[in-house]
Amino acid sequence: MDYEAIFQQSIERLKSERRYRVFADLERDASRFPVALWRPDGQADQPREVVIWCSNDYLGMGGHPAVVSAVVRAAERHGAGAGGTRNISGTHHPIVELEQELADLHGKEASLAFTSGWISNLAGISTIASLLPNCLILSDELNHNSMIEGVRRSGCEKQLWRHNDLAHLEELLIAAGPDRAKLIVFESLYSMDGDIAPVAGIADLAKKYGAMTYVDEVHAVGMYGPRGAGICERDGVMHRIDVIEGTLAKGYGTLGGYIAASASIIDAVRSYAPSFIFTTALPPTVAAGACAAVRHLKTSGQERARHQRMALLTKHALRAAGLPVMENSSHIVPVMVGDAETCKKASDLLLERHGIYIQPINYPTVAIGTERLRITPTPRHEEAHVADLVEALVDVWKTLGLPLTEAEIIPLRRAEPEAVCTYPEMKRAAE
Ligand SMILES: *Cc1c(COP(=O)(O)O)cnc(C)c1O
């Protein structure tokens with residue numbers, strides 16, 4: 001058996017389908033985000049300055065001084081590691097504090113931190129569903145891979161409901177009957193199209209038909225709601241959702257994931273989930289950094305305001321230039337390309353010719369034929385960055401012969417532009 005050849009062939013297959021992924025070697029600069037250094041392949045000694053337009057560090061919190069200093073202080077006081085799994089030796093005070101902060105954020109009795117958002121979905125969904133007798137899981141068809149893995153791992157029966165389609169969800173709830181345990185799993189904000197779930201409608205249906213609800217707020221925590229608790233907070237329905245899952249790695253700029261729920265649900269997952277029990281806890285550095293980010297964004301709204309403003313501005317500017325921006329009401333700015341190879345070429349051109357970093361989004365992250373550039377403006381992008389982006393994208397579209405749509409001039413809402421979120425300002429807000 002030629003083992004090596006099998007792996008090489010598997011890679012060749014991806015390459016022939018234009019799905020082979022290449023990662024750019026980037027060096028983020030905390031003080032200059034979204035500016036970073038890029039080391040082109042084979043030219044590691046000649047780094048070039050680029051502007052990042054596809055970061056999921058949506059608010060730039062990864063470099064926020066309150067977060068960075070919390071990490072440094074925790075390292076100095078507690079060292080680098082957690083010391084073990086929570087069950088053996090790894091529960092430490094910063095992680096306890098973080099969990100109290102997260103429970104409070106979502107108005108729940110308790111929360112549980114995991115090493116990633118991916119693991120929190122795997123552990124949360126699989127454990128909750130498998131503890132319910134003969135549970136039927138009703139899963140939105142566009143749910144993230146981590147939720148699909150959680151559903152799979154539970155071993156329970158699953159039915160998919162059409163994306164964000166309340167009527168279809170209701171049909172399935174009726175068909176399941178009142179006596180069966182039912183768990184509805186969905187996301188509040190879908191990160192590829194940037195569309196938002198009808199959370200209140202889902203909560204209504206859950207109540208009417210006696211189902212439990214589990215929401216992934218990964219792309220909303222830190223960014224929506226008066227205290228940054230997400231779409232459920234913004235829509236006033238947080239208390240009507242049983243389990244809220246989030247990440248500490250996107251809006252909160254660090255690493256880790258969590259679920260927040262009633263004390264008994266959290267205690268059950270803590271006690272039964274192998275992906276919690278048998279792995280080392282988040283280190284104190286990460287827990288303290290995440291905790292600082294959550295705390296800061298509970299009281300400071302300026303990052304959220306500027307974030308929304310920059311997303312809106314970017315969408316308007318791209319549309320005005322005739323670029324095919326997909327419609328949505330969130331901070332995600334998807335620009336449709338529709339072909340894997342062209343999408344990759346567009347991304348390469350942006351980086352090489354214009355110093356703009358936007359990874360191509362291809363299958364299986366999105367459906368074939370809907371390949372796109374996914375742009376994520378942050379509060380730290382400046383108006384001048386947007387102007388450069390528009391110019392670069394128009395050049396790339398023309399170079400590749402991609403169609404520009406009829407320019408769509410939408411007058412921008414007249415408002416005083418928010419100040420760019422620079423460190424001194426953020427610092428003042430934090431004090
Ligand atoms: C990124 C993502 C996760 C995983 O979170 P990590 O903290 O990055 O592991 C979960 N759900 C959704 C919808 C995501 O996009």
# chains A, B, ... in the order shown; residues from 1 in each chain; ligands from 1

$ residues_near_ligand --ligand "ligand 1" --cutoff "7 Å" --atoms "only C-alpha atoms and all ligand atoms" --output "PDB file with N, CA and C atoms, in the first residue's frame"
ATOM      1  N   SER A 116     -12.876  26.066  22.654  1.00  0.00           N
ATOM      2  CA  SER A 116     -13.227  26.796  21.432  1.00  0.00           C
ATOM      3  C   SER A 116     -14.741  26.821  21.290  1.00  0.00           C
ATOM      4  N   GLY A 117     -15.205  27.691  20.402  1.00  0.00           N
ATOM      5  CA  GLY A 117     -16.631  27.710  20.091  1.00  0.00           C
ATOM      6  C   GLY A 117     -17.047  26.406  19.417  1.00  0.00           C
ATOM      7  N   TRP A 118     -16.169  25.883  18.600  1.00  0.00           N
ATOM      8  CA  TRP A 118     -16.458  24.625  17.890  1.00  0.00           C
ATOM      9  C   TRP A 118     -16.744  23.514  18.906  1.00  0.00           C
ATOM     10  N   ILE A 119     -15.868  23.429  19.914  1.00  0.00           N
ATOM     11  CA  ILE A 119     -16.040  22.396  20.944  1.00  0.00           C
ATOM     12  C   ILE A 119     -17.294  22.677  21.772  1.00  0.00           C
ATOM     13  N   ASN A 121     -20.119  23.899  20.830  1.00  0.00           N
ATOM     14  CA  ASN A 121     -21.292  23.394  20.109  1.00  0.00           C
ATOM     15  C   ASN A 121     -21.333  21.872  20.104  1.00  0.00           C
ATOM     16  N   ASN A 143     -26.924  25.517   9.379  1.00  0.00           N
ATOM     17  CA  ASN A 143     -26.122  25.555  10.604  1.00  0.00           C
ATOM     18  C   ASN A 143     -24.656  25.229  10.346  1.00  0.00           C
ATOM     19  N   HIS A 144     -23.821  25.815  11.177  1.00  0.00           N
ATOM     20  CA  HIS A 144     -22.363  25.663  11.103  1.00  0.00           C
ATOM     21  C   HIS A 144     -21.928  24.220  11.359  1.00  0.00           C
ATOM     22  N   SER A 146     -19.820  22.942  13.331  1.00  0.00           N
ATOM     23  CA  SER A 146     -19.697  22.526  14.741  1.00  0.00           C
ATOM     24  C   SER A 146     -21.047  22.088  15.304  1.00  0.00           C
ATOM     25  N   GLU A 187     -28.648  29.413  14.381  1.00  0.00           N
ATOM     26  CA  GLU A 187     -27.727  30.521  14.618  1.00  0.00           C
ATOM     27  C   GLU A 187     -28.517  31.823  14.607  1.00  0.00           C
ATOM     28  N   TYR A 190     -26.059  34.405  10.490  1.00  0.00           N
ATOM     29  CA  TYR A 190     -25.332  33.464   9.636  1.00  0.00           C
ATOM     30  C   TYR A 190     -24.210  34.213   8.930  1.00  0.00           C
ATOM     31  N   SER A 191     -22.990  33.717   9.114  1.00  0.00           N
ATOM     32  CA  SER A 191     -21.836  34.572   8.842  1.00  0.00           C
ATOM     33  C   SER A 191     -21.448  34.660   7.380  1.00  0.00           C
ATOM     34  N   ASP A 216     -26.726  29.583  18.478  1.00  0.00           N
ATOM     35  CA  ASP A 216     -25.320  29.928  18.295  1.00  0.00           C
ATOM     36  C   ASP A 216     -25.272  31.428  17.992  1.00  0.00           C
ATOM     37  N   VAL A 218     -22.393  33.130  17.874  1.00  0.00           N
ATOM     38  CA  VAL A 218     -20.968  33.347  17.652  1.00  0.00           C
ATOM     39  C   VAL A 218     -20.667  34.650  16.888  1.00  0.00           C
ATOM     40  N   HIS A 219     -21.465  34.940  15.857  1.00  0.00           N
ATOM     41  CA  HIS A 219     -21.183  36.123  15.038  1.00  0.00           C
ATOM     42  C   HIS A 219     -21.907  37.371  15.529  1.00  0.00           C
ATOM     43  N   THR A 247     -18.705  32.491  21.146  1.00  0.00           N
ATOM     44  CA  THR A 247     -17.256  32.309  21.081  1.00  0.00           C
ATOM     45  C   THR A 247     -16.576  33.504  21.742  1.00  0.00           C
ATOM     46  N   LEU A 248     -15.372  33.289  22.190  1.00  0.00           N
ATOM     47  CA  LEU A 248     -14.553  34.380  22.729  1.00  0.00           C
ATOM     48  C   LEU A 248     -13.506  34.787  21.696  1.00  0.00           C
ATOM     49  N   ALA A 249     -13.561  34.136  20.527  1.00  0.00           N
ATOM     50  CA  ALA A 249     -12.488  34.286  19.536  1.00  0.00           C
ATOM     51  C   ALA A 249     -12.801  35.277  18.428  1.00  0.00           C
ATOM     52  N   LEU A 255      -9.768  33.653  22.547  1.00  0.00           N
ATOM     53  CA  LEU A 255      -9.948  32.246  22.176  1.00  0.00           C
ATOM     54  C   LEU A 255     -10.865  31.577  23.190  1.00  0.00           C
ATOM     55  N   GLY A 256     -11.630  30.596  22.720  1.00  0.00           N
ATOM     56  CA  GLY A 256     -12.500  29.845  23.611  1.00  0.00           C
ATOM     57  C   GLY A 256     -13.946  29.982  23.207  1.00  0.00           C
ATOM     58  N   GLY A 257     -14.790  29.118  23.786  1.00  0.00           N
ATOM     59  CA  GLY A 257     -16.221  29.180  23.518  1.00  0.00           C
ATOM     60  C   GLY A 257     -16.975  28.905  24.800  1.00  0.00           C
TER      61      GLY A 257
END

$ closest_atom_pairs --of "region 13-93 of chain A" --to "region 389-405 of chain A" --cutoff "12 Å" --atoms "only C-alpha atoms" --output "CSV"
residue,atom,partner,partner_atom,distance
A:Val50,CA,A:Leu389,CA,11.5
A:Val51,CA,A:Leu389,CA,9.3
A:Ile52,CA,A:Leu389,CA,10.5
A:Trp53,CA,A:Leu389,CA,8.8

$ write_last_selection --atoms "all heavy atoms" --output "short mmCIF file (atom, residue, chain, number, x, y, z; two decimals), in the first residue's frame"
data_model
loop_
_atom_site.label_atom_id
_atom_site.label_comp_id
_atom_site.auth_asym_id
_atom_site.auth_seq_id
_atom_site.Cartn_x
_atom_site.Cartn_y
_atom_site.Cartn_z
N VAL A 50 0.07 45.15 4.36
CA VAL A 50 -1.26 44.93 3.77
C VAL A 50 -2.34 45.38 4.76
O VAL A 50 -2.07 45.54 5.96
CB VAL A 50 -1.49 43.43 3.42
CG1 VAL A 50 -0.48 42.96 2.38
CG2 VAL A 50 -1.42 42.54 4.66
N VAL A 51 -3.54 45.58 4.24
CA VAL A 51 -4.69 45.91 5.10
C VAL A 51 -5.61 44.70 5.13
O VAL A 51 -6.01 44.18 4.08
CB VAL A 51 -5.45 47.15 4.57
CG1 VAL A 51 -6.69 47.42 5.43
CG2 VAL A 51 -4.53 48.36 4.58
N ILE A 52 -5.91 44.24 6.34
CA ILE A 52 -6.78 43.07 6.51
C ILE A 52 -8.25 43.48 6.40
O ILE A 52 -8.69 44.39 7.11
CB ILE A 52 -6.52 42.42 7.88
CG1 ILE A 52 -5.06 41.96 8.00
CG2 ILE A 52 -7.48 41.25 8.12
CD1 ILE A 52 -4.71 41.37 9.34
N TRP A 53 -8.98 42.80 5.52
CA TRP A 53 -10.42 43.09 5.34
C TRP A 53 -11.27 41.83 5.56
O TRP A 53 -12.42 41.78 5.11
CB TRP A 53 -10.67 43.62 3.93
CG TRP A 53 -10.49 45.09 3.78
CD1 TRP A 53 -9.45 45.74 3.18
CD2 TRP A 53 -11.40 46.14 4.19
NE1 TRP A 53 -9.64 47.10 3.21
CE2 TRP A 53 -10.82 47.37 3.82
CE3 TRP A 53 -12.64 46.13 4.85
CZ2 TRP A 53 -11.45 48.60 4.07
CZ3 TRP A 53 -13.26 47.35 5.10
CH2 TRP A 53 -12.66 48.57 4.71
#

$ select_by_dssp --residues "region 195-316 of chain A" --states "alpha helix (DSSP H)" --output "number ranges by chain"
A: 199-209, 231-234, 263-272, 274-277, 284-299, 302-316

$ closest_residue --among "A:Met238, A:Met326, A:Ala229, A:Ala268" --to "Gly251 (chain A)" --atoms "only C-alpha atoms"
A:Ala229

$ residues_around --residues "region 329-340 of chain A" --least-positions-apart "2" --cutoff "6 Å" --atoms "only C-alpha atoms" --output "ChimeraX atom specification"
/A:194,311,324-326,342-343,362,369-376

$ select_by_dssp --residues "region 37-255 of chain A" --states "strand (DSSP E)" --output "number ranges by chain"
A: 37-39, 48-52, 110-114, 136-140, 157-161, 182-187, 212-216, 243-247
